[in-house]
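Student: Mind having a look at this structure? Questions to follow.
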Amino acid sequence: MKTRGTVFVLFFAAFIINSCDETGILTDVQKIAALRNVTIEYNNLTYEIGLPAGATSGKSLAELLLEDSASFKNPENYSISIIAELIADNTKPDAEDAKFDGAEADVIMDTLTSNPIKMETDGFEVKKGTTHPFDLETTINLKTHRKAGLYIFRQTVDGNDLATTTKPRLLYTVGTQSGTIDGPELKQDIPTRASDETKEFLRQLLDSGIFDE
């Protein structure tokens, strides 16, 4: 009887172990595979131009330079805040809950590939069978991204779209492994818009050549 009891206990323990293997926690390899099932979709991109105080007061650029040359010649005082709206899609048939450390993207304006605009966001989770909208944000200026900034200004003045290429990626850490999951390269023409006062100031700024090489 002792032998039979021992055999029964061992059999019961093996049953529990096998059950855990079949329904237990995913391995690291399985977790990474689940993360790679998440796809990125592009939704929208918007931008906002920041100018030195008084830029749209109605005074000419020449007058403003006489009053405060230091402010209006400082490239850091000309900024562009950019928000890219994307969607993480986790609705494939074999989806599992997916947790990411964050996301980031390189945005190329026109053909200015040498200094892309880097955008990022904090971590988030996408439950299986759901989609999760998220925003990537950044603020650049004419000191950090002179050519891209001047391109945005010129297109805004002329009323032309911004030709953009966005290369997003998701960031993850599973166990001791960290990596990225690249999304598709997204090409979009973004409509420009600004007030007449802003356009007039930008036109004068571009014509002045202050920030030309």
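Every chain in the structure tokens has a letter given in the order shown (A, B, ...), and although residue numbers restart at 1 in each chain, ligands are simply numbered from 1 in the order shown.
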Please run DSSP on the backbone and report, as a VMD selection string, all residues within chain A that come out as helix (DSSP H, G or I).

Tutor: chain A and resid 2 to 23 28 to 35 61 to 72 75 to 77 146 to 158 196 to 208

Student: Check the DSSP output for the backbone and give back, as a CSV table (one decimal) with N, CA, C and O atoms, in the first residue's frame, the residues of segment 4-140 of chain A in strand (DSSP E).

Tutor:
chain,number,residue,atom,x,y,z
A,39,THR,N,0.8,45.5,-34.6
A,39,THR,CA,1.2,46.3,-35.7
A,39,THR,C,0.9,47.8,-35.4
A,39,THR,O,0.1,48.1,-34.6
A,40,ILE,N,1.6,48.7,-36.1
A,40,ILE,CA,1.4,50.1,-36.0
A,40,ILE,C,0.7,50.7,-37.2
A,40,ILE,O,1.1,50.5,-38.3
A,41,GLU,N,-0.3,51.5,-36.9
A,41,GLU,CA,-1.0,52.2,-38.0
A,41,GLU,C,-0.9,53.7,-37.7
A,41,GLU,O,-0.9,54.2,-36.6
A,42,TYR,N,-0.8,54.5,-38.8
A,42,TYR,CA,-0.6,55.9,-38.8
A,42,TYR,C,-2.0,56.6,-38.8
A,42,TYR,O,-2.9,56.1,-39.5
A,43,ASN,N,-2.2,57.6,-37.9
A,43,ASN,CA,-3.5,58.3,-37.9
A,43,ASN,C,-3.4,59.7,-38.4
A,43,ASN,O,-4.0,60.1,-39.3
A,44,ASN,N,-2.5,60.5,-37.7
A,44,ASN,CA,-2.4,61.9,-38.0
A,44,ASN,C,-1.1,62.5,-37.5
A,44,ASN,O,-0.5,62.0,-36.6
A,45,LEU,N,-0.7,63.7,-38.1
A,45,LEU,CA,0.4,64.4,-37.6
A,45,LEU,C,0.0,65.9,-37.6
A,45,LEU,O,-0.5,66.4,-38.6
A,46,THR,N,0.3,66.6,-36.5
A,46,THR,CA,0.0,68.0,-36.4
A,46,THR,C,1.2,68.8,-35.9
A,46,THR,O,2.1,68.1,-35.3
A,47,TYR,N,1.3,70.1,-36.1
A,47,TYR,CA,2.4,70.8,-35.7
A,47,TYR,C,2.0,72.2,-35.3
A,47,TYR,O,0.9,72.7,-35.7
A,48,GLU,N,2.7,72.9,-34.4
A,48,GLU,CA,2.5,74.2,-33.9
A,48,GLU,C,3.7,75.0,-33.9
A,48,GLU,O,4.8,74.6,-33.4
A,49,ILE,N,3.7,76.2,-34.5
A,49,ILE,CA,4.9,77.0,-34.6
A,49,ILE,C,5.0,78.0,-33.4
A,49,ILE,O,4.0,78.6,-33.1
A,50,GLY,N,6.1,78.1,-32.8
A,50,GLY,CA,6.3,79.1,-31.8
A,50,GLY,C,7.3,80.1,-32.2
A,50,GLY,O,8.4,79.8,-32.8
A,79,SER,N,10.4,77.7,-32.6
A,79,SER,CA,10.2,76.3,-32.3
A,79,SER,C,9.1,75.7,-33.2
A,79,SER,O,8.2,76.5,-33.7
A,80,ILE,N,9.0,74.4,-33.3
A,80,ILE,CA,7.9,73.7,-33.9
A,80,ILE,C,7.6,72.5,-33.0
A,80,ILE,O,8.5,71.6,-32.8
A,81,SER,N,6.4,72.5,-32.4
A,81,SER,CA,6.0,71.3,-31.6
A,81,SER,C,5.2,70.4,-32.5
A,81,SER,O,4.3,70.8,-33.2
A,82,ILE,N,5.6,69.1,-32.5
A,82,ILE,CA,5.0,68.1,-33.4
A,82,ILE,C,4.4,67.0,-32.6
A,82,ILE,O,5.0,66.5,-31.6
A,83,ILE,N,3.2,66.6,-33.0
A,83,ILE,CA,2.5,65.4,-32.4
A,83,ILE,C,2.1,64.5,-33.5
A,83,ILE,O,1.4,64.9,-34.5
A,84,ALA,N,2.6,63.2,-33.4
A,84,ALA,CA,2.1,62.2,-34.4
A,84,ALA,C,1.2,61.3,-33.6
A,84,ALA,O,1.5,60.8,-32.6
A,85,GLU,N,0.0,61.1,-34.2
A,85,GLU,CA,-1.0,60.2,-33.6
A,85,GLU,C,-0.9,58.8,-34.3
A,85,GLU,O,-1.1,58.8,-35.6
A,86,LEU,N,-0.7,57.8,-33.6
A,86,LEU,CA,-0.6,56.4,-34.1
A,86,LEU,C,-1.5,55.5,-33.4
A,86,LEU,O,-2.0,55.8,-32.3
A,87,ILE,N,-1.7,54.3,-33.9
A,87,ILE,CA,-2.5,53.3,-33.3
A,87,ILE,C,-1.7,51.9,-33.2
A,87,ILE,O,-1.2,51.5,-34.2
A,88,ALA,N,-1.7,51.3,-32.0
A,88,ALA,CA,-1.1,50.0,-31.9
A,88,ALA,C,-2.2,49.0,-32.0
A,88,ALA,O,-3.2,49.0,-31.2
A,89,ASP,N,-2.2,48.1,-32.9
A,89,ASP,CA,-3.2,47.1,-33.2
A,89,ASP,C,-2.8,45.7,-32.7
A,89,ASP,O,-1.8,45.2,-33.2
A,90,ASN,N,-3.6,45.2,-31.8
A,90,ASN,CA,-3.3,43.8,-31.2
A,90,ASN,C,-4.5,42.9,-31.4
A,90,ASN,O,-4.9,42.3,-30.4
A,98,ALA,N,0.2,42.7,-24.7
A,98,ALA,CA,1.5,43.1,-25.0
A,98,ALA,C,1.8,44.4,-24.3
A,98,ALA,O,1.1,45.4,-24.3
A,99,LYS,N,2.9,44.4,-23.6
A,99,LYS,CA,3.4,45.5,-22.8
A,99,LYS,C,4.7,46.1,-23.4
A,99,LYS,O,5.6,45.3,-23.6
A,100,PHE,N,4.7,47.4,-23.6
A,100,PHE,CA,5.9,48.0,-24.2
A,100,PHE,C,6.5,49.1,-23.3
A,100,PHE,O,5.8,49.8,-22.6
A,102,GLY,N,7.8,51.7,-24.3
A,102,GLY,CA,7.5,53.0,-25.0
A,102,GLY,C,7.5,52.9,-26.5
A,102,GLY,O,7.6,51.8,-27.0
A,103,ALA,N,7.5,54.0,-27.1
A,103,ALA,CA,7.6,54.0,-28.6
A,103,ALA,C,8.3,55.2,-29.0
A,103,ALA,O,8.4,56.2,-28.3
A,104,GLU,N,8.9,55.2,-30.2
A,104,GLU,CA,9.6,56.3,-30.7
A,104,GLU,C,9.5,56.3,-32.3
A,104,GLU,O,9.1,55.3,-32.8
A,105,ALA,N,9.9,57.4,-32.9
A,105,ALA,CA,9.8,57.5,-34.3
A,105,ALA,C,10.8,58.5,-34.8
A,105,ALA,O,11.0,59.5,-34.1
A,106,ASP,N,11.3,58.3,-36.0
A,106,ASP,CA,12.1,59.3,-36.7
A,106,ASP,C,11.2,59.9,-37.8
A,106,ASP,O,10.6,59.1,-38.6
A,107,VAL,N,11.1,61.2,-37.8
A,107,VAL,CA,10.3,61.9,-38.8
A,107,VAL,C,11.2,62.6,-39.7
A,107,VAL,O,12.0,63.5,-39.3
A,108,ILE,N,11.2,62.3,-41.0
A,108,ILE,CA,12.0,63.0,-42.0
A,108,ILE,C,11.1,64.0,-42.7
A,108,ILE,O,10.1,63.6,-43.3
A,109,MET,N,11.6,65.3,-42.8
A,109,MET,CA,10.9,66.3,-43.5
A,109,MET,C,11.5,66.3,-44.9
A,109,MET,O,12.7,66.5,-45.1
A,117,ILE,N,13.9,64.1,-37.2
A,117,ILE,CA,13.2,64.6,-36.0
A,117,ILE,C,12.8,63.4,-35.1
A,117,ILE,O,12.0,62.5,-35.6
A,118,LYS,N,13.3,63.2,-33.9
A,118,LYS,CA,13.0,62.1,-33.1
A,118,LYS,C,11.9,62.4,-32.2
A,118,LYS,O,11.9,63.4,-31.4
A,119,MET,N,10.8,61.5,-32.2
A,119,MET,CA,9.7,61.7,-31.3
A,119,MET,C,9.6,60.5,-30.4
A,119,MET,O,10.0,59.4,-30.8
A,120,GLU,N,8.9,60.6,-29.2
A,120,GLU,CA,8.8,59.5,-28.3
A,120,GLU,C,7.6,59.6,-27.4
A,120,GLU,O,7.0,60.7,-27.3
A,121,THR,N,7.3,58.5,-26.7
A,121,THR,CA,6.3,58.5,-25.7
A,121,THR,C,6.6,57.4,-24.6
A,121,THR,O,7.5,56.6,-24.9
A,124,PHE,N,3.3,51.7,-22.5
A,124,PHE,CA,1.9,51.4,-22.5
A,124,PHE,C,1.6,49.9,-22.7
A,124,PHE,O,2.5,49.2,-23.2
A,125,GLU,N,0.4,49.5,-22.5
A,125,GLU,CA,0.0,48.1,-22.7
A,125,GLU,C,-1.1,48.0,-23.6
A,125,GLU,O,-2.0,48.9,-23.6
A,126,VAL,N,-1.1,47.0,-24.5
A,126,VAL,CA,-2.2,46.8,-25.5
A,126,VAL,C,-2.8,45.4,-25.2
A,126,VAL,O,-2.1,44.4,-25.4
A,130,THR,N,-7.5,44.2,-28.8
A,130,THR,CA,-7.8,45.6,-28.7
A,130,THR,C,-6.9,46.4,-29.6
A,130,THR,O,-5.8,45.9,-30.0
A,131,THR,N,-7.2,47.7,-29.8
A,131,THR,CA,-6.3,48.7,-30.3
A,131,THR,C,-6.0,49.7,-29.3
A,131,THR,O,-6.8,50.0,-28.4
A,132,HIS,N,-4.8,50.4,-29.4
A,132,HIS,CA,-4.5,51.4,-28.4
A,132,HIS,C,-3.9,52.6,-29.1
A,132,HIS,O,-2.8,52.6,-29.7
A,133,PRO,N,-4.6,53.8,-29.1
A,133,PRO,CA,-4.1,55.0,-29.7
A,133,PRO,C,-3.0,55.6,-28.8
A,133,PRO,O,-3.1,55.5,-27.6
A,134,PHE,N,-1.9,56.1,-29.4
A,134,PHE,CA,-0.9,56.7,-28.7
A,134,PHE,C,-0.3,57.9,-29.5
A,134,PHE,O,-0.3,57.9,-30.7
A,135,ASP,N,0.3,58.9,-28.8
A,135,ASP,CA,0.9,60.0,-29.4
A,135,ASP,C,2.4,60.0,-29.2
A,135,ASP,O,2.9,59.7,-28.1
A,136,LEU,N,3.1,60.4,-30.2
A,136,LEU,CA,4.5,60.7,-30.1
A,136,LEU,C,4.7,62.2,-30.2
A,136,LEU,O,4.1,62.8,-31.1
A,137,GLU,N,5.5,62.7,-29.3
A,137,GLU,CA,5.6,64.2,-29.3
A,137,GLU,C,7.1,64.6,-29.2
A,137,GLU,O,8.0,63.9,-28.8
A,138,THR,N,7.3,65.8,-29.7
A,138,THR,CA,8.6,66.5,-29.6
A,138,THR,C,8.5,67.9,-29.9
A,138,THR,O,7.5,68.4,-30.5
A,139,THR,N,9.5,68.7,-29.5
A,139,THR,CA,9.6,70.1,-29.9
A,139,THR,C,11.0,70.4,-30.4
A,139,THR,O,12.0,70.0,-29.7
A,140,ILE,N,11.1,70.9,-31.6
A,140,ILE,CA,12.4,71.2,-32.2
A,140,ILE,C,12.5,72.7,-32.3
A,140,ILE,O,11.5,73.4,-32.1

Student: Quick one: pull the distance between atom CA of Glu63 of chain A and atom CA of Phe153 of chain A, Å, one decimal.

Tutor: 20.6 Å

Student: Go through A:Gln204, A:Ser69, A:Thr180, A:Asn141 and flag the residue nearest Pro168 of chain A, using only C-alpha atoms for the distances.

Tutor: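 Smallest distance to Pro168 of chain A is found for A:Thr180.
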
Student: Applying 9 Å and only C-alpha atoms, which residues near segment 156-166 of chain A remain after dropping the ones on its own chain fewer than 2 positions away? List them as a ChimeraX atom specification.

Tutor: /A:42,84,105-111,151-154,168,184-194,198-200,202-203
